[in-house]
$ cat final_28.pdb   # PDB, C-alpha atoms and all ligand atoms
ATOM      1  CA  THR A   1      -0.558   8.981   0.414  1.00  0.00           C
ATOM      2  CA  HIS A   2      -2.116   5.565   0.772  1.00  0.00           C
ATOM      3  CA  VAL A   3      -0.569   2.760   2.796  1.00  0.00           C
ATOM      4  CA  VAL A   4      -0.567  -1.024   2.355  1.00  0.00           C
ATOM      5  CA  ALA A   5      -1.016  -2.742   5.729  1.00  0.00           C
ATOM      6  CA  GLU A   6      -0.661  -6.218   7.180  1.00  0.00           C
ATOM      7  CA  PRO A   7      -3.550  -8.003   5.401  1.00  0.00           C
ATOM      8  CA  CYS A   8      -1.509  -7.792   2.184  1.00  0.00           C
ATOM      9  CA  SER A   9       1.195  -9.989   3.671  1.00  0.00           C
ATOM     10  CA  GLY A  10       1.205 -13.280   1.815  1.00  0.00           C
ATOM     11  CA  CYS A  11      -1.578 -12.087  -0.497  1.00  0.00           C
ATOM     12  CA  LYS A  12      -0.033 -10.034  -3.236  1.00  0.00           C
ATOM     13  CA  TYR A  13      -2.966 -10.139  -5.597  1.00  0.00           C
ATOM     14  CA  THR A  14      -2.042  -7.425  -8.029  1.00  0.00           C
ATOM     15  CA  ASP A  15      -5.532  -6.095  -8.735  1.00  0.00           C
ATOM     16  CA  CYS A  16      -4.474  -2.823  -7.093  1.00  0.00           C
ATOM     17  CA  VAL A  17      -1.296  -2.546  -9.144  1.00  0.00           C
ATOM     18  CA  VAL A  18      -3.222  -2.860 -12.387  1.00  0.00           C
ATOM     19  CA  VAL A  19      -5.570   0.056 -11.648  1.00  0.00           C
ATOM     20  CA  CYS A  20      -2.977   2.469 -10.226  1.00  0.00           C
ATOM     21  CA  PRO A  21      -2.605   5.320 -12.760  1.00  0.00           C
ATOM     22  CA  VAL A  22       0.861   6.300 -11.558  1.00  0.00           C
ATOM     23  CA  GLU A  23       2.357   2.813 -11.025  1.00  0.00           C
ATOM     24  CA  CYS A  24       3.427   3.544  -7.476  1.00  0.00           C
ATOM     25  CA  PHE A  25       3.145  -0.021  -6.136  1.00  0.00           C
ATOM     26  CA  TYR A  26       6.352  -1.898  -5.425  1.00  0.00           C
ATOM     27  CA  GLU A  27       6.615  -5.617  -4.736  1.00  0.00           C
ATOM     28  CA  GLY A  28       8.432  -6.758  -1.599  1.00  0.00           C
ATOM     29  CA  ASP A  29       9.119 -10.316  -0.437  1.00  0.00           C
ATOM     30  CA  GLN A  30       5.843 -10.720   1.432  1.00  0.00           C
ATOM     31  CA  MET A  31       3.660  -7.860   0.329  1.00  0.00           C
ATOM     32  CA  LEU A  32       3.228  -4.779  -1.804  1.00  0.00           C
ATOM     33  CA  TYR A  33       4.175  -1.250  -0.817  1.00  0.00           C
ATOM     34  CA  ILE A  34       3.066   2.182  -2.022  1.00  0.00           C
ATOM     35  CA  HIS A  35       5.644   4.888  -2.640  1.00  0.00           C
ATOM     36  CA  PRO A  36       4.388   7.890  -0.612  1.00  0.00           C
ATOM     37  CA  GLU A  37       5.751  10.534  -2.956  1.00  0.00           C
ATOM     38  CA  GLU A  38       4.305   8.901  -6.059  1.00  0.00           C
ATOM     39  CA  CYS A  39       0.789   8.105  -4.809  1.00  0.00           C
ATOM     40  CA  ILE A  40      -1.736  10.760  -5.899  1.00  0.00           C
ATOM     41  CA  ASP A  41      -4.509   9.572  -3.526  1.00  0.00           C
ATOM     42  CA  CYS A  42      -6.875   8.718  -6.352  1.00  0.00           C
ATOM     43  CA  GLU A  43      -8.363   5.833  -4.313  1.00  0.00           C
ATOM     44  CA  ALA A  44      -8.660   3.582  -7.354  1.00  0.00           C
ATOM     45  CA  CYS A  45      -6.809   0.761  -5.613  1.00  0.00           C
ATOM     46  CA  VAL A  46      -8.868   0.717  -2.413  1.00  0.00           C
ATOM     47  CA  PRO A  47     -11.973  -1.135  -3.683  1.00  0.00           C
ATOM     48  CA  GLU A  48      -9.807  -3.490  -5.764  1.00  0.00           C
ATOM     49  CA  CYS A  49      -7.938  -4.925  -2.781  1.00  0.00           C
ATOM     50  CA  PRO A  50      -9.511  -8.315  -1.922  1.00  0.00           C
ATOM     51  CA  VAL A  51      -8.206  -8.217   1.651  1.00  0.00           C
ATOM     52  CA  GLU A  52      -8.891  -4.529   2.426  1.00  0.00           C
ATOM     53  CA  ALA A  53      -5.245  -3.823   3.128  1.00  0.00           C
ATOM     54  CA  ILE A  54      -5.060  -0.304   1.678  1.00  0.00           C
ATOM     55  CA  PHE A  55      -5.791   2.788   3.742  1.00  0.00           C
ATOM     56  CA  HIS A  56      -5.354   6.535   3.433  1.00  0.00           C
ATOM     57  CA  GLU A  57      -2.491   7.477   5.748  1.00  0.00           C
ATOM     58  CA  ASP A  58      -4.933   9.338   7.993  1.00  0.00           C
ATOM     59  CA  ASN A  59      -7.071   6.231   8.419  1.00  0.00           C
ATOM     60  CA  VAL A  60      -4.537   3.480   9.037  1.00  0.00           C
ATOM     61  CA  PRO A  61      -5.840   1.375  11.963  1.00  0.00           C
ATOM     62  CA  GLU A  62      -3.884   1.877  15.182  1.00  0.00           C
ATOM     63  CA  GLU A  63      -2.314  -1.594  15.179  1.00  0.00           C
ATOM     64  CA  TRP A  64      -0.896  -1.042  11.690  1.00  0.00           C
ATOM     65  CA  LYS A  65       0.419   2.512  12.083  1.00  0.00           C
ATOM     66  CA  SER A  66       3.983   1.287  11.625  1.00  0.00           C
ATOM     67  CA  TYR A  67       3.143   0.307   8.059  1.00  0.00           C
ATOM     68  CA  THR A  68       3.128   3.949   6.998  1.00  0.00           C
ATOM     69  CA  GLU A  69       6.873   4.193   7.604  1.00  0.00           C
ATOM     70  CA  LEU A  70       7.415   0.672   6.275  1.00  0.00           C
ATOM     71  CA  ASN A  71       5.787   1.564   2.934  1.00  0.00           C
ATOM     72  CA  ALA A  72       8.053   4.594   2.651  1.00  0.00           C
ATOM     73  CA  THR A  73      11.290   2.707   3.336  1.00  0.00           C
ATOM     74  CA  LYS A  74      10.452  -0.511   1.494  1.00  0.00           C
ATOM     75  CA  SER A  75       9.158   1.188  -1.638  1.00  0.00           C
ATOM     76  CA  GLU A  76      12.536   2.907  -1.900  1.00  0.00           C
ATOM     77  CA  GLU A  77      14.355  -0.441  -1.682  1.00  0.00           C
ATOM     78  CA  CYS A  78      12.221  -2.367  -4.174  1.00  0.00           C
TER      79      CYS A  78
HETATM   80 FE1  LIG A 101      -2.102   4.337  -6.895  1.00  0.00          FE
HETATM   81 FE2  LIG A 101      -4.290   5.848  -6.512  1.00  0.00          FE
HETATM   82 FE3  LIG A 101      -3.852   3.726  -4.949  1.00  0.00          FE
HETATM   83 FE4  LIG A 101      -2.301   5.894  -4.717  1.00  0.00          FE
HETATM   84  S1  LIG A 101      -4.506   5.777  -4.253  1.00  0.00           S
HETATM   85  S2  LIG A 101      -1.624   3.746  -4.780  1.00  0.00           S
HETATM   86  S3  LIG A 101      -2.217   6.596  -6.856  1.00  0.00           S
HETATM   87  S4  LIG A 101      -4.263   3.678  -7.167  1.00  0.00           S
END
$ encode --input "final_28.pdb" --output "structure tokens"
Amino acid sequence: THVVAEPCSGCKYTDCVVVCPVECFYEGDQMLYIHPEECIDCEACVPECPVEAIFHEDNVPEEWKSYTELNATKSEEC
């Protein structure tokens, strides 16, 4: 799956949402989240993000590792 990390907070441009073929983005209060079981790892959203907030789960920077779990829980709640 892909993961939305901290740079998205307060941004919420929806360029990524528009290109996602499976509509797996969910909107939280401060940022967007990707549902890990719906994302098909197509990578279409990655170049669209203006703040480079989207990473493959294997490449999430160390300081943002907690966002992997956060995307999973928050996308369920949205
Ligand atoms: Fe959607 Fe593809 Fe991005 Fe996953 S990698 S969130 S399927 S656009």
$ closest_atom_pairs --input "final_28.pdb" --of "chain A" --to "ligand LIG 101 (chain A)" --cutoff "10 Å" --atoms "all atoms listed in the file" --output "Markdown table"
| residue | atom | partner | partner_atom | distance |
| --- | --- | --- | --- | --- |
| A:Thr1 | CA | A:LIG101 | FE4 | 6.2 |
| A:His2 | CA | A:LIG101 | FE4 | 5.5 |
| A:Val3 | CA | A:LIG101 | S2 | 7.7 |
| A:Val4 | CA | A:LIG101 | S2 | 8.6 |
| A:Asp15 | CA | A:LIG101 | S4 | 10.0 |
| A:Cys16 | CA | A:LIG101 | S4 | 6.5 |
| A:Val17 | CA | A:LIG101 | S4 | 7.2 |
| A:Val18 | CA | A:LIG101 | S4 | 8.4 |
| A:Val19 | CA | A:LIG101 | S4 | 5.9 |
| A:Cys20 | CA | A:LIG101 | S4 | 3.5 |
| A:Pro21 | CA | A:LIG101 | FE1 | 6.0 |
| A:Val22 | CA | A:LIG101 | S3 | 5.6 |
| A:Glu23 | CA | A:LIG101 | FE1 | 6.3 |
| A:Cys24 | CA | A:LIG101 | FE1 | 5.6 |
| A:Phe25 | CA | A:LIG101 | S2 | 6.2 |
| A:Tyr26 | CA | A:LIG101 | S2 | 9.8 |
| A:Tyr33 | CA | A:LIG101 | S2 | 8.6 |
| A:Ile34 | CA | A:LIG101 | S2 | 5.7 |
| A:His35 | CA | A:LIG101 | S2 | 7.7 |
| A:Pro36 | CA | A:LIG101 | FE4 | 8.1 |
| A:Glu37 | CA | A:LIG101 | FE4 | 9.5 |
| A:Glu38 | CA | A:LIG101 | S3 | 7.0 |
| A:Cys39 | CA | A:LIG101 | FE4 | 3.8 |
| A:Ile40 | CA | A:LIG101 | S3 | 4.3 |
| A:Asp41 | CA | A:LIG101 | S1 | 3.9 |
| A:Cys42 | CA | A:LIG101 | FE2 | 3.9 |
| A:Glu43 | CA | A:LIG101 | S1 | 3.9 |
| A:Ala44 | CA | A:LIG101 | S4 | 4.4 |
| A:Cys45 | CA | A:LIG101 | S4 | 4.2 |
| A:Val46 | CA | A:LIG101 | FE3 | 6.4 |
| A:Pro47 | CA | A:LIG101 | FE3 | 9.5 |
| A:Glu48 | CA | A:LIG101 | S4 | 9.2 |
| A:Cys49 | CA | A:LIG101 | FE3 | 9.8 |
| A:Ile54 | CA | A:LIG101 | FE3 | 7.8 |
| A:Phe55 | CA | A:LIG101 | S1 | 8.6 |
| A:His56 | CA | A:LIG101 | S1 | 7.8 |
$ axis_aligned_box --input "final_28.pdb" --around "segment 47-54 of chain A" --padding-each-side "8 Å" --output "AutoDock Vina command-line options"
--center_x -8.5 --center_y -4.3 --center_z -1.3 --size_x 22.9 --size_y 24.0 --size_z 24.9
$ atom_distance --input "final_28.pdb" --atom1 "atom CA of Glu76 of chain A" --atom2 "atom CA of Asn59 of chain A"
22.4 Å
$ atom_distance --input "final_28.pdb" --atom1 "atom CA of Gly28 of chain A" --atom2 "atom CA of Cys78 of chain A"
6.3 Å
